[in-house]
Number of protein chains: 2
Amino acid sequence: MECKNELQQLLADFKANHMPSVSIDCVIFGFHDGQLKVLLLRWKNTDDWCLPGGRIHKQENMDAAAHRSLRERTGLHEIFLQQFHTFGDVNRYRHYSQIETLAKLGLPEDVAKQVVSRDISVGYYALVEFANVVPTPDIFTDECRWWDIQQIPALLFDHNEMVSLALKTLRRQLSYQPIGYNLLPEKFTMPDLQQLYETILGQTMDRRNFQKRMLGYGILKRLDERKIGGAHKSPYLYRFDKEKYEKALETESLFTT
Amino acid sequence: MECKNELQQLLADFKANHMPSVSIDCVIFGFHDGQLKVLLLRWKNTDDWCLPGGRIHKQENMDAAAHRSLRERTGLHEIFLQQFHTFGDVNRYRHYSQIETLAKLGLPEDVAKQVVSRDISVGYYALVEFANVVPTPDIFTDECRWWDIQQIPALLFDHNEMVSLALKTLRRQLSYQPIGYNLLPEKFTMPDLQQLYETILGQTMDRRNFQKRMLGYGILKRLDERKIGGAHKSPYLYRFDKEKYEKALETESLFTT
């Protein structure tokens, strides 16, 4: 009972200090060693998984709330994090109702009814080097860990849809913005870069077309070094031209080059 | 005074029937005869312009609210309308405060303070053939009309920022989704299509590269007809392959082709 009152107080405080009707959810993609993963949380006392998220303080910018959530769950600061979609259907909680989910925390239905509301949720996504992350559960959850993108279970609320759409947006981003800085080592080969793209796209690409397109973007500098220790044909090393990379990020000009 | 009470009642009803903290705004781009325009509303009794928008009924999907707003302002049904960004800064109303703006409608400051709240706003954009639109003001506004994209004045709230970001998103869309169906006549020439792209991008493109890229997407069918009445070299006519066009819209596969 002590536990229940504590939770009830916690939910009441949440309601008083945060914007009504609006929440945020974060799809945090981890890239490491040619694999794409997503950070998930396990709801207290259950086997149910969901995305990290939270609410917006009444005097807090929405983006700041998303950064706060990301920082609390991963330990990372200053990460490329951006909105991808806002989810606003009346019936967003079709897989599990909010009340059923709160009941799993031990909250009686009548109390739950007082704290739930029809919310819209603003979805954010980030792409991080997952070796740098310290996964940390929040007050509603027992566990926080990476899941392979291919093996994500049925999630609470509409969170499977959020993951799908975040992945679609990340793939879309490849068509107008460069990607790879902070995810690849400073010097990398064209096959390394292609592996990053293929992992995100979930499909193979033609080697020569890929190289031609990437060089056409004008954001790569070929070094006078080759990768050592390879087979008979050692590939050249490249690095990003930081200035041109930043400019392409800003202007989203890849399409018109 | 009658007018003031009516308005006060109207605002109170709004508050009771709509989701708190959340609004929507629509950037409606019109394309016609090689020009790009935006539909704006003039706030009652002022020379101040803003975007069409509104709030979400408590039992209404957010997308449905956006469609309703678009329908009411343009008379158009079944239009391609999509979210582009959600605006969530605390200080969104930096150009004009909400209270100042309501004061222009004749609402005293103490009343205005009761109805304003810190909102996030979900931005939607649409691209329509503007000859089909019947611009219609709403209850807060005296006038609704098209403005040339180059001549948009300083708008209320953060609406200039919304227009800029909607345009950036529309341009971005060209890199992963086809565009032109419903905006070009059924049969069109490659220069017609290029003009549409150049108008949206606000820059010229190389003729041969453009043609090569468009044909590479596999969504165009070249007809056995040429445009009549042109100069010595009449251009071929094309039409969209509707099935492949729809597939490209759905899969956003232009990048990987």
# chains A, B, ... in the order shown; residues from 1 in each chain; ligands from 1
$ select_by_dssp --residues "stretch 17-151 of chain A" --states "strand (DSSP E)" --output "VMD selection string"
chain A and resid 18 to 32 35 to 43 49 to 50 53 to 57 81 to 87 120 to 129 141 to 148
$ write_last_selection --atoms "C-alpha atoms" --output "compact mmCIF listing (two decimals), in the first residue's frame"
# COMPACT_ATOMS: atom_id res chain seq x y z
CA HIS A 18 3.71 18.92 -16.87
CA MET A 19 1.80 20.03 -19.95
CA PRO A 20 -1.53 18.22 -20.27
CA SER A 21 -2.42 16.23 -23.42
CA VAL A 22 1.15 16.01 -24.74
CA SER A 23 3.90 13.45 -24.26
CA ILE A 24 7.14 12.59 -26.03
CA ASP A 25 8.61 9.23 -27.03
CA CYS A 26 12.14 8.50 -28.20
CA VAL A 27 13.31 5.86 -30.67
CA ILE A 28 17.03 5.55 -29.95
CA PHE A 29 18.81 3.59 -32.66
CA GLY A 30 22.19 2.15 -31.79
CA PHE A 31 24.74 1.34 -34.47
CA HIS A 32 27.68 -0.87 -33.69
CA GLN A 35 24.16 -3.95 -36.50
CA LEU A 36 21.15 -1.72 -35.86
CA LYS A 37 19.44 -1.87 -32.47
CA VAL A 38 16.74 0.00 -30.53
CA LEU A 39 16.76 0.91 -26.81
CA LEU A 40 13.69 -0.39 -24.95
CA LEU A 41 12.39 -0.32 -21.38
CA ARG A 42 10.62 -3.14 -19.51
CA TRP A 43 7.52 -1.97 -17.60
CA TRP A 49 8.46 -3.47 -23.33
CA CYS A 50 8.08 0.13 -24.48
CA GLY A 53 9.68 8.85 -23.16
CA GLY A 54 8.15 11.35 -20.83
CA ARG A 55 6.29 14.59 -20.46
CA ILE A 56 7.15 18.25 -20.95
CA HIS A 57 7.56 20.56 -17.95
CA LEU A 81 18.08 13.94 -31.83
CA GLN A 82 15.18 15.02 -33.97
CA GLN A 83 11.43 14.84 -34.25
CA PHE A 84 10.03 12.49 -36.85
CA HIS A 85 6.25 12.43 -36.34
CA THR A 86 3.51 13.40 -33.93
CA PHE A 87 1.00 10.66 -33.13
CA ILE A 120 -0.83 13.22 -28.52
CA SER A 121 2.79 12.08 -28.51
CA VAL A 122 5.69 13.70 -30.32
CA GLY A 123 8.14 11.07 -31.58
CA TYR A 124 11.89 11.77 -31.65
CA TYR A 125 14.68 9.62 -32.98
CA ALA A 126 18.42 9.49 -32.44
CA LEU A 127 21.22 7.45 -33.94
CA VAL A 128 24.05 6.73 -31.47
CA GLU A 129 27.17 4.58 -31.21
CA THR A 141 10.44 0.40 -15.48
CA ASP A 142 12.68 -2.38 -14.25
CA GLU A 143 15.07 -2.81 -17.15
CA CYS A 144 16.56 -0.87 -20.04
CA ARG A 145 18.38 -2.65 -22.86
CA TRP A 146 19.12 -2.86 -26.58
CA TRP A 147 17.03 -5.01 -28.87
CA ASP A 148 18.02 -6.08 -32.35
$ select_by_dssp --residues "stretch 58-186 of chain B" --states "helix (DSSP H, G or I)" --output "PyMOL selection string"
chain B and resi 62-74+98-103+109-115+130-132+149-151+159-173
$ write_last_selection --atoms "N, CA and C atoms" --output "CSV table (one decimal), in the first residue's frame"
chain,number,residue,atom,x,y,z
B,62,MET,N,-6.1,13.7,-34.7
B,62,MET,CA,-5.4,15.0,-35.1
B,62,MET,C,-5.4,15.2,-36.6
B,63,ASP,N,-5.1,14.2,-37.4
B,63,ASP,CA,-5.1,14.3,-38.8
B,63,ASP,C,-6.5,14.8,-39.4
B,64,ALA,N,-7.6,14.3,-38.7
B,64,ALA,CA,-8.9,14.7,-39.1
B,64,ALA,C,-9.1,16.2,-38.9
B,65,ALA,N,-8.6,16.7,-37.8
B,65,ALA,CA,-8.7,18.1,-37.4
B,65,ALA,C,-8.0,18.9,-38.5
B,66,ALA,N,-6.9,18.5,-38.9
B,66,ALA,CA,-6.1,19.2,-40.0
B,66,ALA,C,-6.9,19.2,-41.3
B,67,HIS,N,-7.5,18.1,-41.7
B,67,HIS,CA,-8.3,18.0,-42.9
B,67,HIS,C,-9.5,18.9,-42.8
B,68,ARG,N,-10.1,18.9,-41.6
B,68,ARG,CA,-11.3,19.8,-41.4
B,68,ARG,C,-10.9,21.2,-41.6
B,69,SER,N,-9.8,21.6,-41.1
B,69,SER,CA,-9.3,23.0,-41.2
B,69,SER,C,-9.1,23.4,-42.7
B,70,LEU,N,-8.4,22.5,-43.4
B,70,LEU,CA,-8.1,22.7,-44.8
B,70,LEU,C,-9.4,22.8,-45.6
B,71,ARG,N,-10.3,21.9,-45.3
B,71,ARG,CA,-11.6,21.9,-46.0
B,71,ARG,C,-12.3,23.2,-45.8
B,72,GLU,N,-12.4,23.6,-44.6
B,72,GLU,CA,-13.1,24.9,-44.3
B,72,GLU,C,-12.5,26.1,-44.9
B,73,ARG,N,-11.2,26.1,-45.1
B,73,ARG,CA,-10.5,27.3,-45.6
B,73,ARG,C,-10.4,27.3,-47.2
B,74,THR,N,-10.5,26.1,-47.8
B,74,THR,CA,-10.3,26.0,-49.2
B,74,THR,C,-11.4,25.4,-50.0
B,98,GLN,N,0.1,36.2,-27.5
B,98,GLN,CA,-1.3,35.7,-27.7
B,98,GLN,C,-2.3,36.8,-27.1
B,99,ILE,N,-1.9,37.4,-26.0
B,99,ILE,CA,-2.8,38.3,-25.3
B,99,ILE,C,-2.9,39.6,-26.2
B,100,GLU,N,-1.8,40.1,-26.7
B,100,GLU,CA,-1.8,41.2,-27.6
B,100,GLU,C,-2.7,41.0,-28.8
B,101,THR,N,-2.6,39.7,-29.3
B,101,THR,CA,-3.3,39.4,-30.5
B,101,THR,C,-4.8,39.3,-30.2
B,102,LEU,N,-5.2,38.8,-29.1
B,102,LEU,CA,-6.6,38.7,-28.7
B,102,LEU,C,-7.1,40.1,-28.4
B,103,ALA,N,-6.3,41.0,-27.9
B,103,ALA,CA,-6.7,42.4,-27.6
B,103,ALA,C,-7.1,43.0,-28.9
B,109,GLU,N,-7.6,42.3,-21.5
B,109,GLU,CA,-6.4,41.5,-21.1
B,109,GLU,C,-6.8,40.4,-20.0
B,110,ASP,N,-7.6,40.8,-19.0
B,110,ASP,CA,-8.0,39.8,-18.0
B,110,ASP,C,-8.7,38.6,-18.5
B,111,VAL,N,-9.6,38.8,-19.5
B,111,VAL,CA,-10.3,37.7,-20.1
B,111,VAL,C,-9.4,36.9,-21.0
B,112,ALA,N,-8.5,37.6,-21.7
B,112,ALA,CA,-7.6,36.9,-22.6
B,112,ALA,C,-6.7,36.0,-21.8
B,113,LYS,N,-6.3,36.4,-20.6
B,113,LYS,CA,-5.4,35.6,-19.7
B,113,LYS,C,-6.0,34.3,-19.3
B,114,GLN,N,-7.4,34.3,-19.2
B,114,GLN,CA,-8.0,33.1,-18.9
B,114,GLN,C,-8.1,32.0,-20.0
B,115,VAL,N,-8.0,32.5,-21.2
B,115,VAL,CA,-8.2,31.6,-22.3
B,115,VAL,C,-6.9,31.1,-23.0
B,130,PHE,N,-4.0,25.8,-57.2
B,130,PHE,CA,-4.7,26.9,-56.5
B,130,PHE,C,-5.9,27.4,-57.2
B,131,ALA,N,-6.0,27.1,-58.5
B,131,ALA,CA,-7.2,27.5,-59.3
B,131,ALA,C,-8.5,26.8,-58.7
B,132,ASN,N,-8.3,25.7,-58.0
B,132,ASN,CA,-9.5,24.9,-57.5
B,132,ASN,C,-9.9,25.4,-56.1
B,149,ILE,N,5.1,33.4,-52.6
B,149,ILE,CA,6.0,32.9,-51.6
B,149,ILE,C,7.2,33.9,-51.3
B,150,GLN,N,7.5,34.7,-52.3
B,150,GLN,CA,8.5,35.7,-52.2
B,150,GLN,C,8.1,37.0,-51.4
B,151,GLN,N,6.8,37.1,-51.2
B,151,GLN,CA,6.3,38.4,-50.7
B,151,GLN,C,5.5,38.3,-49.4
B,159,HIS,N,4.6,32.0,-37.3
B,159,HIS,CA,4.2,31.5,-38.5
B,159,HIS,C,5.1,31.7,-39.7
B,160,ASN,N,6.0,32.7,-39.7
B,160,ASN,CA,7.0,32.8,-40.7
B,160,ASN,C,8.0,31.6,-40.7
B,161,GLU,N,8.3,31.2,-39.4
B,161,GLU,CA,9.2,30.0,-39.3
B,161,GLU,C,8.5,28.8,-39.8
B,162,MET,N,7.2,28.7,-39.5
B,162,MET,CA,6.4,27.5,-40.0
B,162,MET,C,6.5,27.4,-41.6
B,163,VAL,N,6.3,28.6,-42.2
B,163,VAL,CA,6.3,28.6,-43.7
B,163,VAL,C,7.7,28.1,-44.2
B,164,SER,N,8.7,28.7,-43.6
B,164,SER,CA,10.1,28.3,-44.0
B,164,SER,C,10.3,26.8,-43.9
B,165,LEU,N,9.9,26.3,-42.8
B,165,LEU,CA,10.2,24.9,-42.5
B,165,LEU,C,9.3,24.0,-43.4
B,166,ALA,N,8.1,24.4,-43.7
B,166,ALA,CA,7.2,23.6,-44.6
B,166,ALA,C,7.8,23.6,-46.0
B,167,LEU,N,8.4,24.7,-46.4
B,167,LEU,CA,9.0,24.8,-47.7
B,167,LEU,C,10.2,23.9,-47.8
B,168,LYS,N,11.0,23.9,-46.7
B,168,LYS,CA,12.2,23.0,-46.7
B,168,LYS,C,11.8,21.6,-46.7
B,169,THR,N,10.7,21.2,-46.1
B,169,THR,CA,10.2,19.9,-46.1
B,169,THR,C,9.6,19.5,-47.5
B,170,LEU,N,8.9,20.4,-48.1
B,170,LEU,CA,8.4,20.1,-49.4
B,170,LEU,C,9.6,19.9,-50.4
B,171,ARG,N,10.7,20.7,-50.3
B,171,ARG,CA,11.8,20.5,-51.1
B,171,ARG,C,12.5,19.1,-50.8
B,172,ARG,N,12.6,18.8,-49.6
B,172,ARG,CA,13.2,17.5,-49.1
B,172,ARG,C,12.4,16.4,-49.7
B,173,GLN,N,11.1,16.5,-49.8
B,173,GLN,CA,10.2,15.5,-50.3
B,173,GLN,C,10.5,15.1,-51.7
$ closest_residue --among "A:Glu198, A:Asp89, A:Asp47, A:Asp192" --to "A:Tyr236" --atoms "only C-alpha atoms"
A:Asp192
$ closest_residue --among "A:His77, A:Lys187, A:Arg213, A:Lys104" --to "chain B" --atoms "only C-alpha atoms"
A:Arg213
$ interface_residues --of "chain A" --to "chain B" --cutoff "6 Å" --atoms "only C-alpha atoms" --output "ChimeraX atom specification"
/A:61-62,88-90,175,255
$ write_last_selection --atoms "C-alpha atoms" --output "CSV table (one decimal), in the first residue's frame"
chain,number,residue,atom,x,y,z
A,61,ASN,CA,10.9,23.7,-24.5
A,62,MET,CA,9.7,20.4,-26.1
A,88,GLY,CA,-2.5,12.0,-32.6
A,89,ASP,CA,-5.1,9.3,-33.1
A,90,VAL,CA,-7.8,9.1,-30.5
A,175,SER,CA,18.4,10.8,-49.4
A,255,PHE,CA,19.3,15.9,-54.0
$ atom_distance --atom1 "atom CA of A:Leu107" --atom2 "atom CA of A:Asp158"
21.3 Å
